[in-house]
>>> print(open('start.txt').read())   # compact mmCIF, C-alpha atoms
# COMPACT_ATOMS: atom_id res chain seq x y z
CA MET A 1 62.20 93.89 -6.68
CA ASN A 2 62.27 96.70 -4.11
CA THR A 3 63.94 95.45 -0.91
CA LYS A 4 64.38 98.82 0.73
CA LYS A 5 63.33 98.73 4.38
CA ILE A 6 61.17 101.42 5.96
CA LYS A 7 62.90 103.63 8.49
CA TYR A 8 61.35 105.13 11.61
CA LYS A 9 62.02 108.35 13.47
CA PRO A 10 63.01 107.78 17.11
CA ASP A 11 62.21 110.06 20.05
CA PRO A 12 65.53 111.45 21.37
CA ALA A 13 64.05 112.51 24.72
CA ALA A 14 62.56 109.07 25.39
CA ILE A 15 65.79 107.26 24.43
CA LYS A 16 67.98 109.54 26.57
CA ALA A 17 65.62 109.17 29.54
CA LEU A 18 65.74 105.37 29.30
CA PHE A 19 69.53 105.41 28.93
CA ASN A 20 69.85 107.61 32.03
CA GLU A 21 67.76 105.05 33.95
CA THR A 22 70.30 102.34 33.14
CA GLY A 23 73.09 104.29 34.86
CA LEU A 24 75.48 103.19 32.12
CA VAL A 25 78.04 105.21 30.22
CA GLN A 26 78.01 104.96 26.43
CA LYS A 27 81.32 103.10 26.20
CA ASN A 28 79.76 100.18 28.12
CA LEU A 29 76.48 100.11 26.21
CA ILE A 30 77.47 97.69 23.45
CA SER A 31 79.18 95.20 25.76
CA GLU A 32 75.97 95.11 27.86
CA ALA A 33 73.87 94.61 24.72
CA CYS A 34 76.15 91.70 23.76
CA LYS A 35 75.16 89.92 26.97
CA PHE A 36 71.63 89.70 25.53
CA LYS A 37 73.13 88.70 22.15
CA LEU A 38 71.78 91.90 20.56
CA LYS A 39 73.59 93.51 17.65
CA PHE A 40 73.55 97.28 17.24
CA SER A 41 76.49 99.66 17.17
CA LEU A 42 77.29 102.60 19.38
CA ARG A 43 77.00 104.82 16.31
CA GLN A 44 73.49 103.49 15.65
CA TYR A 45 72.51 104.22 19.25
CA GLN A 46 73.94 107.75 19.00
CA ARG A 47 71.96 108.35 15.81
CA ALA A 48 68.79 107.19 17.57
CA ALA A 49 69.55 109.50 20.50
CA GLU A 50 69.86 112.36 17.98
CA GLY A 51 66.46 111.52 16.45
CA GLN A 52 67.81 110.30 13.09
CA GLU A 53 65.74 107.75 11.18
CA LEU A 54 66.77 104.10 11.54
CA LYS A 55 65.51 100.70 10.42
CA GLU A 56 62.88 98.96 12.52
CA GLU A 57 65.21 96.05 13.30
CA VAL A 58 67.79 98.40 14.83
CA LEU A 59 65.25 100.33 16.91
CA ASN A 60 63.67 97.05 18.06
CA SER A 61 67.08 95.90 19.27
CA ILE A 62 67.55 99.14 21.23
CA ALA A 63 64.07 98.88 22.77
CA ILE A 64 64.63 95.21 23.68
CA PHE A 65 67.89 96.16 25.36
CA PHE A 66 66.21 98.81 27.54
CA ASP A 67 63.36 96.45 28.43
CA ARG A 68 65.63 93.58 29.47
CA TYR A 69 68.38 95.63 31.12
CA LEU A 70 66.03 97.71 33.28
CA LYS A 71 64.03 94.64 34.36
CA GLU A 72 67.02 92.46 35.13
CA ASN A 73 69.25 95.13 36.69
CA ASN A 74 66.90 97.86 38.01
CA ASN A 75 63.89 95.65 38.91
CA SER A 76 61.69 97.71 36.57
CA LYS A 77 58.12 96.44 36.24
CA ARG A 78 57.03 98.36 33.17
CA ASN A 79 57.23 97.10 29.60
CA ILE A 80 59.27 98.97 26.98
CA SER A 81 58.52 98.31 23.32
CA LEU A 82 59.27 99.94 19.97
CA ASN A 83 56.38 102.39 20.38
CA ASP A 84 57.97 103.81 23.54
CA ILE A 85 61.05 105.07 21.68
CA LEU A 86 59.34 106.33 18.50
CA LYS A 87 58.47 109.96 17.89
CA LYS A 88 54.77 110.58 18.55
CA GLU A 89 52.91 112.47 15.85
CA LYS A 90 50.49 114.27 18.13
CA ASN A 91 49.63 114.51 21.79
CA VAL A 92 46.47 112.63 22.67
CA ASP A 93 43.60 114.94 23.56
CA ASN A 94 41.22 114.26 26.41
CA PHE A 95 38.32 111.95 25.77
CA ASN A 96 34.91 113.44 25.08
CA LEU A 97 31.61 111.87 25.99
CA ASN A 98 28.74 112.09 23.55
CA GLU A 99 25.81 112.54 25.92
CA SER A 100 23.24 112.00 23.18
CA ASN A 101 24.09 108.37 22.50
CA SER A 102 26.10 107.53 25.64
CA LYS A 103 29.11 106.39 23.62
CA LEU A 104 32.75 107.44 23.77
CA ILE A 105 33.58 109.33 20.59
CA ASP A 106 36.75 110.33 18.74
CA LEU A 107 37.99 106.74 18.95
CA LYS A 108 40.15 107.21 15.84
CA LYS A 109 42.44 109.45 17.89
CA TYR A 110 43.34 106.44 19.99
CA GLU A 111 44.01 103.87 17.30
CA LYS A 112 47.71 103.82 18.22
CA GLU A 113 46.83 103.43 21.90
CA ASN A 114 44.60 100.43 21.21
CA LEU A 115 47.39 98.08 20.11
CA GLU A 116 49.36 97.36 23.28
CA LYS A 117 52.66 95.52 22.96
CA CYS A 118 55.41 93.93 24.98
CA TYR A 119 58.45 91.81 24.13
CA LEU A 120 58.47 88.18 25.27
CA HIS A 121 62.16 87.45 25.80
CA ARG A 122 63.77 84.07 25.27
CA ILE A 123 64.23 82.42 28.65
CA GLU A 124 67.70 81.10 29.40
CA SER A 125 67.75 80.89 33.19
CA HIS A 126 65.69 80.13 36.28
CA GLU A 127 66.33 83.67 37.56
CA GLN A 128 64.57 85.21 34.53
CA ILE A 129 61.40 83.16 34.96
CA THR A 130 61.37 83.59 38.75
CA LYS A 131 61.20 87.38 38.47
CA ILE A 132 58.35 87.16 35.93
CA ILE A 133 56.29 84.73 38.03
CA LYS A 134 56.92 86.68 41.24
CA GLN A 135 55.48 89.88 39.75
CA SER A 136 52.46 88.23 38.14
CA GLN A 137 48.96 87.47 39.40
CA PHE A 138 47.81 85.16 36.59
CA PRO A 139 49.44 83.12 33.78
CA LYS A 140 48.60 82.97 30.07
CA ILE A 141 50.07 80.03 28.14
CA PHE A 142 50.60 79.83 24.35
CA TYR A 143 52.13 77.16 22.11
CA PRO A 144 51.22 78.28 18.55
CA PHE A 145 52.56 75.17 16.81
CA ASN A 146 51.81 71.44 16.89
CA PRO A 147 54.22 69.91 19.43
CA ASN A 148 55.09 66.23 19.21
CA PHE A 149 54.72 63.76 22.09
CA LYS A 150 58.18 64.40 23.57
CA GLN A 151 57.80 68.19 23.29
CA ILE A 152 54.38 68.01 24.98
CA ASN A 153 55.83 66.09 27.94
CA LEU A 154 58.62 68.64 28.37
CA ILE A 155 56.16 71.55 28.17
CA LYS A 156 54.04 69.84 30.86
CA LYS A 157 57.12 69.47 33.09
CA ILE A 158 57.92 73.18 32.71
CA LEU A 159 54.32 74.14 33.54
CA GLU A 160 54.70 72.06 36.72
CA ASP A 161 57.91 74.01 37.40
CA PHE A 162 55.89 77.25 37.12
CA LYS A 163 53.47 75.95 39.77
CA SER A 164 56.35 74.97 42.07
CA ILE A 165 58.06 78.35 41.68
CA SER A 166 54.80 80.18 42.44
CA LYS A 167 54.14 78.03 45.53
CA SER A 168 57.70 78.59 46.77
CA PHE A 169 57.03 82.33 47.15
CA LYS A 170 54.07 81.61 49.44
CA ARG A 171 56.14 79.18 51.55
CA LEU A 172 58.96 81.69 51.90
CA LYS A 173 56.53 84.28 53.27
CA LYS A 174 55.32 81.84 55.92
CA GLU A 175 58.74 80.38 56.78
CA SER A 176 60.73 83.59 57.20
CA SER A 177 62.83 82.50 60.20
CA GLU A 178 66.24 81.01 59.38
CA THR A 179 66.54 77.78 61.33
CA TYR A 180 68.01 74.36 60.58
CA GLU A 181 64.48 72.96 60.57
CA ASN A 182 63.62 75.29 57.68
CA LEU A 183 66.55 74.21 55.53
CA GLY A 184 64.13 71.86 53.81
CA GLU A 185 62.66 74.90 52.03
CA GLU A 186 66.12 75.84 50.78
CA ILE A 187 66.66 72.31 49.50
CA SER A 188 63.28 72.42 47.74
CA SER A 189 64.24 75.70 46.09
CA LEU A 190 67.49 74.18 44.79
CA ASP A 191 65.54 71.20 43.44
CA ILE A 192 63.20 73.57 41.58
CA ILE A 193 66.14 75.48 40.08
CA SER A 194 67.85 72.27 39.02
CA GLY A 195 64.66 70.78 37.60
CA PHE A 196 63.70 73.87 35.60
CA SER A 197 67.24 74.35 34.23
CA SER A 198 67.35 70.72 33.12
CA ASN A 199 63.89 70.85 31.52
CA ILE A 200 64.57 74.08 29.62
CA GLU A 201 67.80 72.61 28.20
CA GLU A 202 66.01 69.43 27.13
CA LEU A 203 63.33 71.57 25.48
CA LYS A 204 65.99 73.41 23.45
CA LYS A 205 67.39 70.09 22.25
CA GLU A 206 63.90 69.33 20.90
CA GLY A 207 63.90 72.63 18.97
CA VAL A 208 61.43 74.46 21.24
CA TYR A 209 62.13 77.70 23.11
CA LEU A 210 60.32 79.45 25.94
CA TYR A 211 59.58 83.19 25.67
CA SER A 212 58.07 85.19 28.51
CA ASN A 213 57.41 88.59 30.08
CA ASN A 214 54.86 90.41 32.20
CA PHE A 215 51.92 92.22 30.61
CA ILE A 216 49.75 94.75 32.44
CA PHE A 217 46.04 94.64 31.66
CA SER A 218 43.97 97.57 32.95
CA SER A 219 40.26 97.38 33.72
CA ILE A 220 37.59 99.16 35.76
CA HIS A 221 36.76 97.89 39.25
CA ILE A 222 35.04 99.10 42.38
CA ALA A 223 36.17 98.62 45.99
CA LYS A 224 36.06 100.26 49.40
CA ALA A 225 38.15 103.44 49.47
CA TRP A 226 41.06 103.63 51.90
CA THR A 227 40.14 106.98 53.45
CA GLU A 228 36.33 107.13 53.22
CA TYR A 229 33.41 104.88 54.05
CA VAL A 230 32.41 104.52 50.41
CA TYR A 231 32.88 102.22 47.44
CA GLU A 232 34.90 103.96 44.74
CA MET A 233 35.33 103.10 41.06
CA PHE A 234 38.94 103.00 39.85
CA VAL A 235 41.25 101.60 37.17
CA MET A 236 42.97 98.42 38.35
CA ASN A 237 46.16 97.00 36.81
CA THR A 238 46.39 93.21 36.64
CA ASN A 239 49.79 91.63 36.00
CA TYR A 240 49.76 88.60 33.69
CA ALA A 241 52.77 86.37 33.06
CA ILE A 242 52.73 85.56 29.34
CA PHE A 243 54.44 82.25 28.49
CA CYS A 244 54.94 81.23 24.87
CA PHE A 245 56.52 77.99 23.68
CA GLN A 246 57.67 78.34 20.07
CA ASN A 247 59.56 76.15 17.62
CA PHE A 248 62.01 78.82 16.43
CA LYS A 249 64.89 80.65 18.08
CA ASN A 250 64.86 84.44 18.29
CA THR A 251 65.85 87.00 20.89
CA SER A 252 62.21 87.98 21.47
CA ILE A 253 58.62 87.56 20.32
CA THR A 254 56.29 90.57 20.17
CA PHE A 255 53.07 90.04 22.11
CA GLU A 256 50.22 92.28 20.88
CA TYR A 257 46.84 92.91 22.45
CA GLU A 258 44.05 94.76 20.61
CA ASN A 259 42.59 96.61 23.56
CA SER A 260 39.40 98.52 22.77
CA TYR A 261 39.71 100.29 26.13
CA PRO A 262 43.38 101.07 26.92
CA LYS A 263 44.43 102.47 30.29
CA LYS A 264 44.29 106.16 29.28
CA TYR A 265 40.79 105.60 27.93
CA LEU A 266 39.63 104.06 31.21
CA GLU A 267 41.28 106.72 33.37
CA GLU A 268 39.53 109.47 31.45
CA PHE A 269 36.21 107.65 31.75
CA VAL A 270 36.57 107.29 35.53
CA LYS A 271 37.51 110.97 35.79
CA LYS A 272 34.51 112.16 33.78
CA ASN A 273 32.04 109.60 35.13
CA PRO A 274 32.98 108.85 38.76
CA LEU A 275 30.93 106.43 40.81
CA GLU A 276 30.77 106.33 44.61
CA LEU A 277 28.43 104.13 46.64
CA ASP A 278 27.67 103.98 50.33
CA VAL A 279 29.68 101.35 52.17
CA SER A 280 26.43 99.79 53.38
CA TYR A 281 26.04 98.23 49.91
CA PRO A 282 26.89 94.51 49.81
CA GLU A 283 29.95 93.92 47.62
CA ALA A 284 27.94 92.02 45.00
CA ALA A 285 25.42 94.88 44.79
CA ALA A 286 28.24 97.44 44.43
CA ASN A 287 29.69 95.45 41.51
CA GLU A 288 26.26 95.24 39.89
CA GLN A 289 25.85 99.02 40.19
CA MET A 290 29.27 99.53 38.59
CA HIS A 291 28.33 97.23 35.69
CA GLU A 292 25.12 99.19 35.09
CA HIS A 293 27.06 102.45 35.30
CA CYS A 294 29.60 101.29 32.68
CA TYR A 295 27.26 99.33 30.42
CA PRO A 296 26.22 102.24 28.13
CA TYR A 297 29.89 102.96 27.40
CA PHE A 298 31.55 99.54 27.26
CA GLU A 299 30.57 96.39 25.42
CA ASN A 300 32.06 94.18 28.13
CA LYS A 301 32.74 96.67 30.94
CA GLY A 302 36.38 96.79 29.86
CA ASP A 303 37.33 93.96 32.23
CA VAL A 304 37.73 90.97 29.87
CA PHE A 305 41.28 89.98 28.92
CA ASP A 306 40.17 88.47 25.63
CA ARG A 307 42.40 85.73 24.21
CA SER A 308 40.93 86.23 20.73
CA LYS A 309 42.49 89.72 20.64
CA MET A 310 45.99 88.47 21.39
CA ASN A 311 48.63 88.04 18.70
CA LEU A 312 52.24 86.80 18.62
CA ASN A 313 54.83 87.93 16.06
CA LYS A 314 58.49 87.21 15.55
CA THR A 315 60.30 90.43 16.46
CA ASP A 316 62.27 92.01 13.61
CA VAL A 317 65.75 92.58 15.07
CA SER A 318 69.30 92.83 13.79
CA GLU A 319 70.92 89.41 13.34
CA LEU A 320 71.81 87.96 16.71
CA LEU A 321 75.16 86.84 17.98
CA THR A 322 75.23 83.05 17.67
CA ASP A 323 76.03 80.89 20.69
CA GLU A 324 79.33 79.97 19.04
CA GLU A 325 80.29 83.64 18.55
CA PHE A 326 79.28 84.48 22.10
CA GLU A 327 81.37 81.70 23.60
CA LYS A 328 84.36 82.04 21.28
CA ILE A 329 85.16 85.74 21.21
CA GLY A 330 86.04 88.05 24.08
CA GLU A 331 84.10 91.13 25.19
CA GLU A 332 86.53 93.62 23.66
CA TYR A 333 86.63 91.81 20.33
CA LYS A 334 82.83 91.54 20.22
CA THR A 335 82.47 95.26 20.83
CA ASN A 336 84.92 96.20 18.08
CA GLU A 337 83.49 93.67 15.64
CA ILE A 338 79.93 94.98 16.07
CA GLU A 339 81.06 98.59 15.74
CA ASN A 340 82.69 97.74 12.40
CA MET A 341 80.01 95.41 11.02
CA TYR A 342 76.90 97.36 11.93
CA ASP A 343 77.59 100.90 10.77
CA ASP A 344 74.17 102.04 9.54
CA SER A 345 75.47 105.24 7.95
CA PHE A 346 75.39 103.68 4.47
CA ASP A 347 72.81 101.34 3.01
CA PRO A 348 73.19 100.30 -0.66
CA ARG A 349 69.43 99.78 -0.85
CA ASP A 350 68.71 103.45 -0.07
>>> encode(input="start.txt", output="structure tokens")
Amino acid sequence: MNTKKIKYKPDPAAIKALFNETGLVQKNLISEACKFKLKFSLRQYQRAAEGQELKEEVLNSIAIFFDRYLKENNNSKRNISLNDILKKEKNVDNFNLNESNSKLIDLKKYEKENLEKCYLHRIESHEQITKIIKQSQFPKIFYPFNPNFKQINLIKKILEDFKSISKSFKRLKKESSETYENLGEEISSLDIISGFSSNIEELKKEGVYLYSNNFIFSSIHIAKAWTEYVYEMFVMNTNYAIFCFQNFKNTSITFEYENSYPKKYLEEFVKKNPLELDVSYPEAAANEQMHEHCYPYFENKGDVFDRSKMNLNKTDVSELLTDEEFEKIGEEYKTNEIENMYDDSFDPRD
């Protein structure tokens, strides 16, 4: 049986740009990756930065590292996935409009753009989930297994925690002055942290893990322009917090969305087919005009975040550091051990 794994060609420029964003030096890279329990060696990273082919599991680990490190240390809001560090075959040309049938053509050129991805990382702390909720506008909840009664009750408690965390941001905006009277808000915040931390640990004991991240969904909207007395059509980005409860333990889950109208598609459409309306239009009438304007080109105006087009996959990564390894061995030993164990220069299956 052929067990040889497919290798992929990374994009050196993309990898070096992301590494520069971290502000790290290479000698610290592996110890930082260990904090996320990711296993790849410095030599593997260097090969990726040189554009040499590597296994998907190694490149996934590198992409996951950049995604988590930049979000947790640099407050980055963008998602980084495997596609962002792979070599692109061709540059995407501009969209063309077929005036005869009012349909966008050359859709095959954008097949790779249509499948949008992000990593949902395993949640270990209140701080992780707080950042995700704070950035988001709407939640999407998944539990793609059949939870038992106890698991359901714990999931419900965590969903209540999400509501409390979201409400706490609104209270903090209103109660900005630091007085003894407002210490009640601080106490409430500590209760939320304690409650969530306890619930997430109880969930783990029941064999269920929470994975989450932000996902940006782009769609066409119309609103009053800032500088002119007109309504203007534009591409709006909506931030969704994706929460997935799953009955297996992994560093990340890959969230996929089959988007018929990805952001670049919409931006080109708005550029080639702009719409401006007088500000005297009622808002409802302006939206109706936009729908009529888009209807010949879009089946659903491009503004439906369709659950049926969402998919969740276990991310293929190098074997993780176990909790026992992480607790038992020191940072220096972990770094040396990974360097020795995960040299990808020779593969007996090649």
>>> closest_residue(input="start.txt", among="A:Glu32, A:Ala63, A:Lys204, A:Glu57", to="Lys16 of chain A", atoms="all atoms listed in the file")
A:Ala63
>>> closest_residue(input="start.txt", among="A:Phe255, A:Phe66, A:Phe234, A:Phe298", to="Ala14 of chain A", atoms="only C-alpha atoms")
A:Phe66
>>> atom_distance(input="start.txt", atom1="atom CA of Lys9 of chain A", atom2="atom CA of Ala49 of chain A")
10.4 Å
>>> residues_around(input="start.txt", residues="Tyr143 of chain A", least_positions_apart="6", cutoff="8 Å", atoms="all atoms listed in the file", output="list of chain:residue names")
A:Cys244, A:Phe245, A:Gln246
>>> write_last_selection(input="start.txt", atoms="C-alpha atoms", output="PDB file, keeping the file's coordinate frame")
ATOM      1  CA  CYS A 244      54.940  81.230  24.870  1.00  0.00           C
ATOM      2  CA  PHE A 245      56.520  77.990  23.680  1.00  0.00           C
ATOM      3  CA  GLN A 246      57.670  78.340  20.070  1.00  0.00           C
TER       4      GLN A 246
END
>>> residues_around(input="start.txt", residues="His291 of chain A", least_positions_apart="2", cutoff="12 Å", atoms="only C-alpha atoms", output="ChimeraX atom specification")
/A:220-222,233,275,284-289,293-303
>>> atom_distance(input="start.txt", atom1="atom CA of Leu59 of chain A", atom2="atom CA of Asn83 of chain A")
9.7 Å
>>> closest_residue(input="start.txt", among="A:Phe65, A:Asn79, A:Phe36, A:Leu86", to="Ala13 of chain A", atoms="only C-alpha atoms")
A:Leu86
>>> residues_around(input="start.txt", residues="Tyr119 of chain A", least_positions_apart="3", cutoff="7 Å", atoms="only C-alpha atoms", output="PyMOL selection string")
chain A and resi 81+213+252-255
>>> residues_near_point(input="start.txt", point="(72.5, 94.6, 19.6)", cutoff="8 Å", atoms="only C-alpha atoms", output="PyMOL selection string")
chain A and resi 30+33-34+36-41+58+61-62+65+318+320
>>> residues_near_point(input="start.txt", point="(59.0, 75.0, 44.5)", cutoff="6 Å", atoms="all atoms listed in the file", output="CSV table (one decimal) with C-alpha atoms, in the frame of the given file")
chain,number,residue,atom,x,y,z
A,164,SER,CA,56.4,75.0,42.1
A,165,ILE,CA,58.1,78.4,41.7
A,167,LYS,CA,54.1,78.0,45.5
A,168,SER,CA,57.7,78.6,46.8
A,188,SER,CA,63.3,72.4,47.7
A,189,SER,CA,64.2,75.7,46.1
A,192,ILE,CA,63.2,73.6,41.6
